[in-house]
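**Q** Let me begin by handing over the structure; questions about it come next.
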Amino acid sequence: VYGGSIKYIPDGFTAALDTMKKGTHAIAVLPYDQAFGTSGLINSPYEYYIVPQYQTVVYDIYIEDIRRRP
């Protein structure tokens, strides 16, 4: 597990999660306009691209458990 915080969750990732339930597995292929768009994802302190602009992003998602906020 890496430190830090999530500042932006792509719309396509959220849409993929909305279709899943506990115990399901999916490969989500997000075209750039549903992922990090024309700006990409930049590591702000060091100013390098984590995800370049116009990049298709692939997530391998497995829902192990779902917890609701109290």
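Residues in the structure tokens are numbered from 1 in each chain, the chains being A, B, ... in the order shown, and ligands are numbered from 1 in the order shown.
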Name the residues of chain A that come out as strand (DSSP E or B) in a backbone DSSP run; write them as a PyMOL selection string.
**A** chain A and resi 25-30+41-43+48-51+57-62
**Q** Keeping only N, CA and C atoms, write the selected residues as an mmCIF file, in the first residue's frame.
**A**
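The new file result-v4.cif reads:
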```cif
data_model
loop_
_atom_site.group_PDB
_atom_site.id
_atom_site.type_symbol
_atom_site.label_atom_id
_atom_site.label_comp_id
_atom_site.auth_asym_id
_atom_site.auth_seq_id
_atom_site.Cartn_x
_atom_site.Cartn_y
_atom_site.Cartn_z
ATOM 1 N N HIS A 25 -15.465 -9.592 -10.295
ATOM 2 C CA HIS A 25 -14.189 -9.219 -10.904
ATOM 3 C C HIS A 25 -14.479 -8.609 -12.265
ATOM 4 N N ALA A 26 -13.736 -7.566 -12.613
ATOM 5 C CA ALA A 26 -13.933 -6.940 -13.918
ATOM 6 C C ALA A 26 -12.633 -6.308 -14.396
ATOM 7 N N ILE A 27 -12.492 -6.238 -15.693
ATOM 8 C CA ILE A 27 -11.432 -5.468 -16.317
ATOM 9 C C ILE A 27 -12.122 -4.238 -16.900
ATOM 10 N N ALA A 28 -11.760 -3.059 -16.410
ATOM 11 C CA ALA A 28 -12.362 -1.813 -16.893
ATOM 12 C C ALA A 28 -11.352 -1.118 -17.795
ATOM 13 N N VAL A 29 -11.720 -0.940 -19.058
ATOM 14 C CA VAL A 29 -10.871 -0.250 -20.025
ATOM 15 C C VAL A 29 -11.481 1.126 -20.250
ATOM 16 N N LEU A 30 -10.773 2.156 -19.790
ATOM 17 C CA LEU A 30 -11.286 3.512 -19.876
ATOM 18 C C LEU A 30 -10.556 4.288 -20.964
ATOM 19 N N LEU A 41 -2.422 12.584 -15.496
ATOM 20 C CA LEU A 41 -2.313 12.574 -14.039
ATOM 21 C C LEU A 41 -0.865 12.865 -13.700
ATOM 22 N N ILE A 42 -0.647 13.961 -12.990
ATOM 23 C CA ILE A 42 0.706 14.428 -12.707
ATOM 24 C C ILE A 42 0.997 14.304 -11.214
ATOM 25 N N ASN A 43 2.196 13.822 -10.880
ATOM 26 C CA ASN A 43 2.668 13.850 -9.507
ATOM 27 C C ASN A 43 3.096 15.290 -9.235
ATOM 28 N N TYR A 48 6.056 14.937 -12.583
ATOM 29 C CA TYR A 48 6.190 13.955 -13.662
ATOM 30 C C TYR A 48 4.833 13.289 -13.862
ATOM 31 N N TYR A 49 4.624 12.769 -15.077
ATOM 32 C CA TYR A 49 3.348 12.135 -15.407
ATOM 33 C C TYR A 49 3.280 10.721 -14.847
ATOM 34 N N ILE A 50 2.212 10.459 -14.116
ATOM 35 C CA ILE A 50 1.897 9.105 -13.690
ATOM 36 C C ILE A 50 1.115 8.441 -14.817
ATOM 37 N N VAL A 51 0.159 9.182 -15.394
ATOM 38 C CA VAL A 51 -0.596 8.762 -16.578
ATOM 39 C C VAL A 51 -0.498 9.910 -17.583
ATOM 40 N N VAL A 57 -6.662 3.839 -19.993
ATOM 41 C CA VAL A 57 -6.259 3.278 -18.709
ATOM 42 C C VAL A 57 -7.038 1.979 -18.487
ATOM 43 N N VAL A 58 -6.341 0.941 -18.012
ATOM 44 C CA VAL A 58 -6.967 -0.356 -17.748
ATOM 45 C C VAL A 58 -6.862 -0.655 -16.260
ATOM 46 N N TYR A 59 -8.015 -0.947 -15.653
ATOM 47 C CA TYR A 59 -8.068 -1.331 -14.242
ATOM 48 C C TYR A 59 -8.513 -2.778 -14.150
ATOM 49 N N ASP A 60 -7.842 -3.547 -13.315
ATOM 50 C CA ASP A 60 -8.236 -4.912 -12.988
ATOM 51 C C ASP A 60 -8.855 -4.828 -11.593
ATOM 52 N N ILE A 61 -10.176 -4.952 -11.507
ATOM 53 C CA ILE A 61 -10.898 -4.677 -10.270
ATOM 54 C C ILE A 61 -11.509 -5.956 -9.709
ATOM 55 N N TYR A 62 -11.312 -6.161 -8.415
ATOM 56 C CA TYR A 62 -11.978 -7.244 -7.708
ATOM 57 C C TYR A 62 -12.601 -6.644 -6.449
#
```
**Q** Rank nothing, just name the residue among A:Ala35, A:Ile9, A:Met20, A:Ala15 nearest to Pro52 of chain A, using only C-alpha atoms.
**A** A:Ala35
**Q** Do a neighbour search on Phe36 of chain A at 8 Å with only C-alpha atoms, toss out local chain neighbours closer than 3 positions, and write the hits as number ranges by chain.
**A** A: 10, 32-33, 39-41, 51, 53-55
**Q** Please produce a file of the residues just selected, as a tab-separated table (two decimals), in the first residue's frame, where the atoms kept are C-alpha atoms.
**A**
```
chain	number	residue	atom	x	y	z
A	10	PRO	CA	-12.05	9.10	-13.04
A	32	TYR	CA	-8.79	8.84	-22.17
A	33	ASP	CA	-11.97	10.94	-22.00
A	39	SER	CA	-4.35	16.74	-18.79
A	40	GLY	CA	-3.17	13.32	-17.66
A	41	LEU	CA	-2.31	12.57	-14.04
A	51	VAL	CA	-0.60	8.76	-16.58
A	53	GLN	CA	-2.35	12.82	-21.59
A	54	TYR	CA	-4.75	11.00	-23.97
A	55	GLN	CA	-3.92	7.65	-22.35
```
**Q** Enumerate, as number ranges by chain, the complete set of residues in chain A that a backbone-based DSSP assignment places in helix (DSSP H, G or I).
**A** A: 11-18, 32-34
**Q** Which of these, A:Gly37, A:Ile63, A:Pro31, A:Thr56, has the shortest distance to Thr19 of chain A once you count only C-alpha atoms?
**A** A:Ile63
**Q** Report the distance between atom CA of Gln34 of chain A and atom CA of Tyr8 of chain A in Å, rounded to one decimal place.
**A**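 According to the coordinates, atom CA of Gln34 of chain A and atom CA of Tyr8 of chain A are separated by 12.1 Å.
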